[in-house]
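Peer 1: Input file: query-v1.txt. Contents: compact mmCIF, C-alpha atoms.
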```txt
# COMPACT_ATOMS: atom_id res chain seq x y z
CA MET A 107 18.54 18.37 -12.36
CA SER A 108 17.46 16.65 -9.15
CA GLU A 109 15.24 18.40 -6.69
CA THR A 110 15.78 18.52 -2.97
CA ILE A 111 15.17 15.16 -1.25
CA LYS A 112 12.70 15.50 1.62
CA VAL A 113 13.35 13.39 4.71
CA ASP A 114 10.67 13.10 7.38
CA ILE A 115 11.96 11.75 10.70
CA TRP A 116 9.78 10.44 13.52
CA SER A 117 11.58 10.68 16.83
CA ASP A 118 11.15 11.22 20.56
CA VAL A 119 13.24 13.50 22.76
CA GLN A 120 13.96 10.76 25.33
CA CYS A 121 14.86 8.06 22.80
CA PRO A 122 18.58 7.23 23.05
CA TRP A 123 18.64 5.68 19.58
CA CYS A 124 17.05 8.81 18.09
CA TYR A 125 20.03 11.00 19.00
CA ILE A 126 22.46 8.30 17.83
CA GLY A 127 20.39 7.88 14.65
CA LYS A 128 20.41 11.64 14.11
CA ARG A 129 24.20 11.63 14.07
CA LYS A 130 24.33 8.61 11.75
CA PHE A 131 21.78 10.16 9.40
CA GLU A 132 23.74 13.41 9.32
CA ALA A 133 26.87 11.43 8.43
CA GLY A 134 24.94 9.65 5.67
CA ALA A 135 23.57 12.91 4.29
CA ALA A 136 27.15 14.23 4.16
CA LEU A 137 28.03 11.28 1.91
CA PHE A 138 25.18 12.17 -0.45
CA ASP A 139 25.83 14.52 -3.35
CA GLY A 140 22.56 16.42 -3.31
CA ASP A 141 20.29 18.67 -1.31
CA VAL A 142 18.34 17.28 1.65
CA GLU A 143 15.48 18.88 3.56
CA VAL A 144 14.75 17.44 6.99
CA GLU A 145 11.54 17.71 8.99
CA TYR A 146 11.11 16.13 12.41
CA HIS A 147 7.83 14.62 13.53
CA SER A 148 6.52 13.75 16.96
CA PHE A 149 6.43 10.25 18.44
CA GLU A 150 5.62 9.64 22.09
CA LEU A 151 7.27 6.48 23.38
CA ALA A 152 5.76 6.67 26.86
CA PRO A 153 2.88 9.16 26.89
CA ASP A 154 1.79 8.04 30.36
CA THR A 155 5.07 9.07 32.00
CA PRO A 156 4.56 11.78 34.65
CA VAL A 157 6.21 15.17 34.09
CA ASP A 158 8.16 14.78 37.31
CA PHE A 159 9.10 11.15 37.79
CA ALA A 160 10.56 10.71 41.25
CA GLY A 161 13.62 8.65 40.50
CA SER A 162 16.41 7.98 38.07
CA PRO A 163 16.13 6.46 34.59
CA VAL A 164 17.42 3.24 36.14
CA ASP A 165 14.57 3.31 38.66
CA TYR A 166 12.06 4.12 35.92
CA LEU A 167 13.16 1.35 33.58
CA SER A 168 13.54 -1.26 36.29
CA GLU A 169 10.05 -0.47 37.60
CA ARG A 170 8.41 -0.36 34.16
CA LYS A 171 10.17 -3.38 32.71
CA GLY A 172 10.44 -5.38 35.89
CA LEU A 173 14.19 -5.83 35.45
CA PRO A 174 16.88 -5.92 38.15
CA VAL A 175 18.61 -2.59 38.71
CA ALA A 176 21.98 -4.13 37.86
CA GLN A 177 20.70 -5.31 34.49
CA VAL A 178 19.22 -1.91 33.61
CA THR A 179 22.44 -0.21 34.67
CA GLU A 180 24.39 -2.49 32.37
CA MET A 181 21.97 -1.79 29.51
CA LEU A 182 22.31 1.97 29.91
CA ALA A 183 26.09 1.63 30.02
CA ARG A 184 25.95 -0.20 26.71
CA VAL A 185 23.89 2.45 24.93
CA THR A 186 26.07 5.14 26.49
CA GLY A 187 29.06 3.46 24.90
CA ILE A 188 27.36 3.36 21.50
CA ALA A 189 26.48 7.05 21.83
CA GLU A 190 30.12 7.76 22.66
CA SER A 191 31.12 6.09 19.39
CA VAL A 192 29.27 8.80 17.46
CA GLY A 193 30.58 11.63 19.64
CA LEU A 194 27.67 11.95 22.07
CA HIS A 195 28.45 12.00 25.79
CA TYR A 196 25.30 10.63 27.44
CA ASP A 197 25.07 11.25 31.19
CA TYR A 198 22.29 9.04 32.54
CA ASP A 199 23.14 10.02 36.12
CA SER A 200 21.75 13.49 35.41
CA VAL A 201 18.81 12.60 33.14
CA HIS A 202 15.35 13.76 34.25
CA GLN A 203 12.81 11.15 33.18
CA THR A 204 9.69 13.02 32.08
CA ASN A 205 6.73 13.29 29.74
CA THR A 206 7.78 14.70 26.36
CA VAL A 207 4.50 15.88 24.85
CA ILE A 208 5.18 19.57 25.57
CA SER A 209 8.69 19.28 24.16
CA HIS A 210 7.05 18.03 20.96
CA GLU A 211 4.74 21.06 21.03
CA LEU A 212 7.87 23.21 21.28
CA LEU A 213 9.36 21.47 18.24
CA HIS A 214 6.27 22.42 16.26
CA TYR A 215 6.48 25.98 17.56
CA ALA A 216 10.12 26.07 16.45
CA LYS A 217 9.17 24.68 13.03
CA ALA A 218 6.62 27.46 12.62
CA HIS A 219 9.44 29.91 13.34
CA GLY A 220 11.99 28.26 11.06
CA ARG A 221 14.15 26.83 13.88
CA GLN A 222 13.05 23.22 14.24
CA LEU A 223 16.42 21.60 13.52
CA ASP A 224 18.22 23.77 16.07
CA MET A 225 15.49 23.11 18.63
CA LYS A 226 15.64 19.35 18.06
CA GLU A 227 19.38 19.26 18.60
CA ARG A 228 19.09 21.47 21.71
CA LEU A 229 16.39 19.30 23.25
CA LEU A 230 18.24 16.03 22.69
CA LYS A 231 21.47 17.45 24.10
CA ALA A 232 19.56 18.98 27.01
CA TYR A 233 18.05 15.62 27.92
CA PHE A 234 20.93 13.20 27.35
CA VAL A 235 24.01 15.31 27.91
CA ASP A 236 23.19 18.39 29.98
CA GLY A 237 20.78 16.96 32.55
CA ARG A 238 18.16 19.58 31.78
CA HIS A 239 14.44 19.04 32.32
CA VAL A 240 12.50 18.82 29.02
CA GLY A 241 8.98 18.30 30.37
CA ARG A 242 8.15 21.62 32.03
CA ILE A 243 7.11 24.78 30.21
CA GLU A 244 9.49 27.13 32.02
CA ASP A 245 12.48 24.85 31.44
CA LEU A 246 11.54 24.39 27.79
CA ALA A 247 11.17 28.14 27.36
CA ASP A 248 14.71 28.58 28.71
CA LEU A 249 16.01 26.13 26.10
CA ALA A 250 14.03 27.87 23.35
CA ALA A 251 15.49 31.22 24.36
CA GLU A 252 18.98 29.73 24.14
CA ILE A 253 18.49 29.24 20.39
CA GLY A 254 17.01 32.70 19.94
CA LEU A 255 13.27 32.10 20.17
CA ASP A 256 11.03 34.56 22.03
CA ARG A 257 10.84 33.12 25.54
CA ALA A 258 7.60 34.88 26.53
CA ASP A 259 5.87 33.83 23.33
CA VAL A 260 7.04 30.24 23.82
CA VAL A 261 5.53 30.22 27.33
CA ARG A 262 2.29 31.61 25.92
CA ALA A 263 2.10 29.06 23.07
CA LEU A 264 2.96 26.08 25.26
CA THR A 265 0.54 27.12 28.01
CA ALA A 266 -2.25 27.46 25.44
CA HIS A 267 -1.17 24.19 23.76
CA ASP A 268 -1.28 25.91 20.38
CA TYR A 269 0.61 23.03 18.75
CA LEU A 270 -0.85 20.00 20.53
CA ALA A 271 -3.03 19.16 17.52
CA ASP A 272 0.10 19.10 15.34
CA VAL A 273 1.74 16.63 17.72
CA LYS A 274 -1.29 14.37 17.58
CA ALA A 275 -1.39 14.65 13.77
CA ASP A 276 2.23 13.45 13.63
CA VAL A 277 1.39 10.48 15.84
CA ALA A 278 -1.59 9.68 13.61
CA GLN A 279 0.62 9.84 10.53
CA ALA A 280 3.08 7.47 12.20
CA ASN A 281 0.22 5.07 12.78
CA ALA A 282 -0.80 5.39 9.14
CA TYR A 283 2.72 4.43 8.08
CA GLY A 284 2.71 1.51 10.50
CA ILE A 285 5.61 2.99 12.47
CA GLN A 286 6.03 1.16 15.78
CA GLY A 287 9.48 2.33 16.82
CA VAL A 288 11.77 5.31 16.45
CA PRO A 289 13.84 6.75 14.97
CA PHE A 290 12.05 6.17 11.68
CA PHE A 291 13.07 7.93 8.49
CA VAL A 292 10.84 8.40 5.43
CA ILE A 293 12.85 9.37 2.36
CA ASP A 294 11.03 11.36 -0.33
CA GLY A 295 7.70 10.05 0.91
CA LYS A 296 8.26 6.50 -0.31
CA TYR A 297 11.29 4.82 1.26
CA GLY A 298 11.45 3.96 4.94
CA ILE A 299 14.47 3.33 7.15
CA SER A 300 13.90 2.00 10.65
CA GLY A 301 16.36 2.57 13.45
CA ALA A 302 19.80 4.07 13.88
CA GLN A 303 21.36 2.44 10.83
CA GLU A 304 24.83 3.07 9.50
CA PRO A 305 25.48 6.24 7.45
CA GLU A 306 25.83 4.34 4.18
CA ALA A 307 22.26 3.01 4.52
CA PHE A 308 20.97 6.59 4.64
CA ALA A 309 23.23 7.69 1.80
CA GLY A 310 22.04 4.76 -0.29
CA ALA A 311 18.39 5.59 0.27
CA LEU A 312 19.00 9.23 -0.63
CA ARG A 313 20.77 8.17 -3.84
CA GLN A 314 17.89 5.85 -4.68
CA ALA A 315 15.39 8.69 -4.22
CA GLN A 316 17.58 10.96 -6.34
CA ALA A 317 17.78 8.35 -9.08
CA ASP A 318 14.00 8.04 -9.05
CA GLN A 319 13.66 11.79 -9.44
CA ASP A 320 16.18 11.85 -12.29
CA GLU A 321 14.35 9.02 -14.03
CA ALA A 322 11.02 10.80 -13.66
CA GLY A 323 12.56 14.03 -14.94
CA ALA A 324 14.06 12.28 -17.95
CA ALA A 325 10.73 10.69 -18.82
CA THR A 326 8.81 13.95 -18.76
CA PRO A 327 10.29 15.56 -21.96
CA ALA A 328 9.81 12.35 -23.93
CA SER A 329 6.19 12.23 -22.88
CA ALA A 330 5.75 15.82 -23.96
CA GLU A 331 7.26 15.10 -27.37
CA ASN A 332 4.82 12.29 -27.93
CA ARG A 333 1.85 14.58 -27.54
CA MET B 155 22.38 -1.56 -0.70
CA ALA B 156 20.08 -4.29 0.54
CA ASP B 157 17.14 -5.30 -1.55
CA PRO B 158 14.09 -3.24 -0.68
CA ILE B 159 11.49 -4.92 1.46
CA VAL B 160 7.93 -4.08 0.53
CA VAL B 161 5.78 -3.38 3.54
CA PRO B 162 2.71 -5.62 3.30
CA ALA B 163 -0.35 -3.49 2.83
CA ALA B 164 -2.09 -5.45 5.56
CA SER B 165 0.46 -4.22 8.09
CA VAL B 166 -0.21 -0.58 7.35
CA SER B 167 -3.23 1.08 8.85
CA THR B 168 -5.00 3.57 6.63
CA ALA B 169 -7.45 4.60 9.30
CA VAL B 170 -5.93 8.07 9.51
CA PRO B 171 -5.00 9.12 5.98
CA ALA B 172 -2.94 12.28 5.73
CA PRO B 173 -3.54 14.71 2.87
CA GLY B 174 -1.05 14.23 0.08
CA VAL B 175 0.96 11.49 1.77
CA THR B 176 0.76 7.87 0.75
CA PRO B 177 0.93 5.39 3.62
CA PHE B 178 2.69 2.85 1.41
CA ILE B 179 6.46 2.90 1.75
CA GLN B 180 9.30 0.52 1.01
CA LEU B 181 11.67 -0.34 3.83
CA LEU B 182 15.36 -0.04 2.90
CA GLY B 183 18.53 -0.96 4.75
CA GLN B 184 19.06 -3.58 7.42
CA THR B 185 16.55 -4.80 9.94
CA GLY B 186 17.33 -4.88 13.64
CA ALA B 187 19.08 -1.51 13.93
CA GLY B 188 18.82 0.27 17.27
CA SER B 189 15.39 1.72 17.91
CA CYS B 190 12.92 2.28 20.72
CA GLU B 191 9.41 0.85 20.96
CA GLY B 192 7.54 2.03 24.01
CA ASP B 193 9.81 1.65 27.02
CA SER B 194 11.89 -0.91 25.21
CA CYS B 195 14.96 0.42 23.44
CA GLY B 196 16.74 -2.85 22.96
CA ILE B 197 18.99 -1.75 25.76
```
What does the file become when written as structure tokens?
Peer 2:
Amino acid sequence: MSETIKVDIWSDVQCPWCYIGKRKFEAGAALFDGDVEVEYHSFELAPDTPVDFAGSPVDYLSERKGLPVAQVTEMLARVTGIAESVGLHYDYDSVHQTNTVISHELLHYAKAHGRQLDMKERLLKAYFVDGRHVGRIEDLADLAAEIGLDRADVVRALTAHDYLADVKADVAQANAYGIQGVPFFVIDGKYGISGAQEPEAFAGALRQAQADQDEAGAATPASAENR
Amino acid sequence: MADPIVVPAASVSTAVPAPGVTPFIQLLGQTGAGSCEGDSCGI
């Protein structure tokens, strides 16, 4: 019998493709006839972004990339449309561009308390849909409390940066894998999927990992008999 | 499913090995799917 397939996902809270990819992965996992365990890992796309950027995402991207405002606006409209196709209602007019390192610390706090998946979904929705700030400790503590975590303890842990080393370890692991962009999915520790691919790509990778496990399981009794 | 693409060992840094995790993985699926690298999200 196959064991649970572990999926490690590198992602950033302010990555539009990561939320879209999350939905597509979830659809792929639903096509897979087996058990899947998901763990999210930290990836900082723009670690030099200030916590309180004075301007809109359009301002931020046009300044950073040197593109005309009209072109950036058109680009964001395109990704908003793709998000809509998977049921996500991005609202870039209300997005607060920020630094996400503390939100990653919160994801590790949530993992330690068995709530990482709920926290990940809440943070992505907070950033892209709800117009909430995901870079400040007090705002993050509010979001954590919304999923049932202890607000005061979250403030304490984030202020002390209890989980910063875990964030950095995730980034180091991403470097070790050669990951340059997110979302990035590692299936059962040996297959990689880059980007927000279609659900069938994820389902296929999960089936491949399951087949590998079955093959390994079938080989084990024969080996024992030969002893 | 697309044929797996083996990641060249030379493209994978092993400077920061993680306990119990091999840095060698096979890429599956299509290339060019939506993703973000730095400030660039292909958008």
Peer 1: Would you mind listing what lies within 9 Å of Val175 of chain A as an MDAnalysis selection string, with all atoms listed in the file counted and same-chain residues fewer than 6 positions away left out?
Peer 2: chainID A and resid 164:165 167:169
Peer 1: Hey, can you check how far atom CA of Val273 of chain A sits from atom CA of Gly237 of chain A?
Peer 2: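 Calculated distance between atom CA of Val273 of chain A and atom CA of Gly237 of chain A is 24.1 Å.
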Peer 1: Sorted by chain and rising residue number, which residues of chain A lie within 7 Å of chain B, and what are their closest atom pairs and distances in Å to one decimal, counting only C-alpha atoms, as JSON lines?
Peer 2:
```
{"residue": "A:Cys121", "atom": "CA", "partner": "B:Cys190", "partner_atom": "CA", "distance": 6.4}
{"residue": "A:Trp123", "atom": "CA", "partner": "B:Ser189", "partner_atom": "CA", "distance": 5.4}
{"residue": "A:Leu151", "atom": "CA", "partner": "B:Gly192", "partner_atom": "CA", "distance": 4.5}
{"residue": "A:Ala152", "atom": "CA", "partner": "B:Gly192", "partner_atom": "CA", "distance": 5.7}
{"residue": "A:Met181", "atom": "CA", "partner": "B:Ile197", "partner_atom": "CA", "distance": 4.8}
{"residue": "A:Leu182", "atom": "CA", "partner": "B:Ile197", "partner_atom": "CA", "distance": 6.5}
{"residue": "A:Val185", "atom": "CA", "partner": "B:Ile197", "partner_atom": "CA", "distance": 6.5}
{"residue": "A:Ala278", "atom": "CA", "partner": "B:Val170", "partner_atom": "CA", "distance": 6.2}
{"residue": "A:Gln279", "atom": "CA", "partner": "B:Ala172", "partner_atom": "CA", "distance": 6.5}
{"residue": "A:Asn281", "atom": "CA", "partner": "B:Ser167", "partner_atom": "CA", "distance": 6.6}
{"residue": "A:Ala282", "atom": "CA", "partner": "B:Ser167", "partner_atom": "CA", "distance": 5.0}
{"residue": "A:Tyr283", "atom": "CA", "partner": "B:Pro177", "partner_atom": "CA", "distance": 4.9}
{"residue": "A:Gly284", "atom": "CA", "partner": "B:Val166", "partner_atom": "CA", "distance": 4.8}
{"residue": "A:Gln286", "atom": "CA", "partner": "B:Glu191", "partner_atom": "CA", "distance": 6.2}
{"residue": "A:Gly287", "atom": "CA", "partner": "B:Glu191", "partner_atom": "CA", "distance": 4.4}
{"residue": "A:Val288", "atom": "CA", "partner": "B:Ser189", "partner_atom": "CA", "distance": 5.3}
{"residue": "A:Pro289", "atom": "CA", "partner": "B:Ser189", "partner_atom": "CA", "distance": 6.0}
{"residue": "A:Gly295", "atom": "CA", "partner": "B:Val175", "partner_atom": "CA", "distance": 6.9}
{"residue": "A:Lys296", "atom": "CA", "partner": "B:Ile179", "partner_atom": "CA", "distance": 4.5}
{"residue": "A:Tyr297", "atom": "CA", "partner": "B:Gln180", "partner_atom": "CA", "distance": 4.7}
{"residue": "A:Gly298", "atom": "CA", "partner": "B:Leu181", "partner_atom": "CA", "distance": 4.4}
{"residue": "A:Ile299", "atom": "CA", "partner": "B:Leu182", "partner_atom": "CA", "distance": 5.5}
{"residue": "A:Gly301", "atom": "CA", "partner": "B:Ser189", "partner_atom": "CA", "distance": 4.6}
{"residue": "A:Ala302", "atom": "CA", "partner": "B:Gly188", "partner_atom": "CA", "distance": 5.2}
{"residue": "A:Gln303", "atom": "CA", "partner": "B:Ala187", "partner_atom": "CA", "distance": 5.5}
{"residue": "A:Ala307", "atom": "CA", "partner": "B:Gly183", "partner_atom": "CA", "distance": 5.5}
{"residue": "A:Gly310", "atom": "CA", "partner": "B:Met155", "partner_atom": "CA", "distance": 6.3}
{"residue": "A:Ala311", "atom": "CA", "partner": "B:Leu182", "partner_atom": "CA", "distance": 6.9}
```
Peer 1: Return the single residue from A:Lys130, A:Lys226, A:His239, A:Arg184 that is closest to Ser200 of chain A, with distances computed using all atoms listed in the file.
Peer 2: A:His239
Peer 1: Quick one: pull the distance between atom CA of Phe308 of chain A and atom CA of Ala216 of chain A, Å, one decimal.
Peer 2: 25.2 Å
Peer 1: Taking only C-alpha atoms into account, name the residue in A:Leu223, A:Ile208, A:Leu312, A:Ala176 that is nearest to Val260 of chain A.
Peer 2: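 Of all the options, A:Ile208 lies closest to Val260 of chain A.
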Peer 1: Applying 10 Å and all atoms listed in the file, which residues near Ala232 of chain A remain after dropping the ones on its own chain fewer than 6 positions away? List them as a PDB file with C-alpha atoms, in the frame of the given file.
Peer 2:
```
ATOM      1  CA  VAL A 119      13.240  13.500  22.760  1.00  0.00           C
ATOM      2  CA  VAL A 201      18.810  12.600  33.140  1.00  0.00           C
ATOM      3  CA  HIS A 202      15.350  13.760  34.250  1.00  0.00           C
ATOM      4  CA  LYS A 226      15.640  19.350  18.060  1.00  0.00           C
ATOM      5  CA  ARG A 238      18.160  19.580  31.780  1.00  0.00           C
ATOM      6  CA  HIS A 239      14.440  19.040  32.320  1.00  0.00           C
ATOM      7  CA  VAL A 240      12.500  18.820  29.020  1.00  0.00           C
ATOM      8  CA  LEU A 246      11.540  24.390  27.790  1.00  0.00           C
ATOM      9  CA  LEU A 249      16.010  26.130  26.100  1.00  0.00           C
TER      10      LEU A 249
END
```
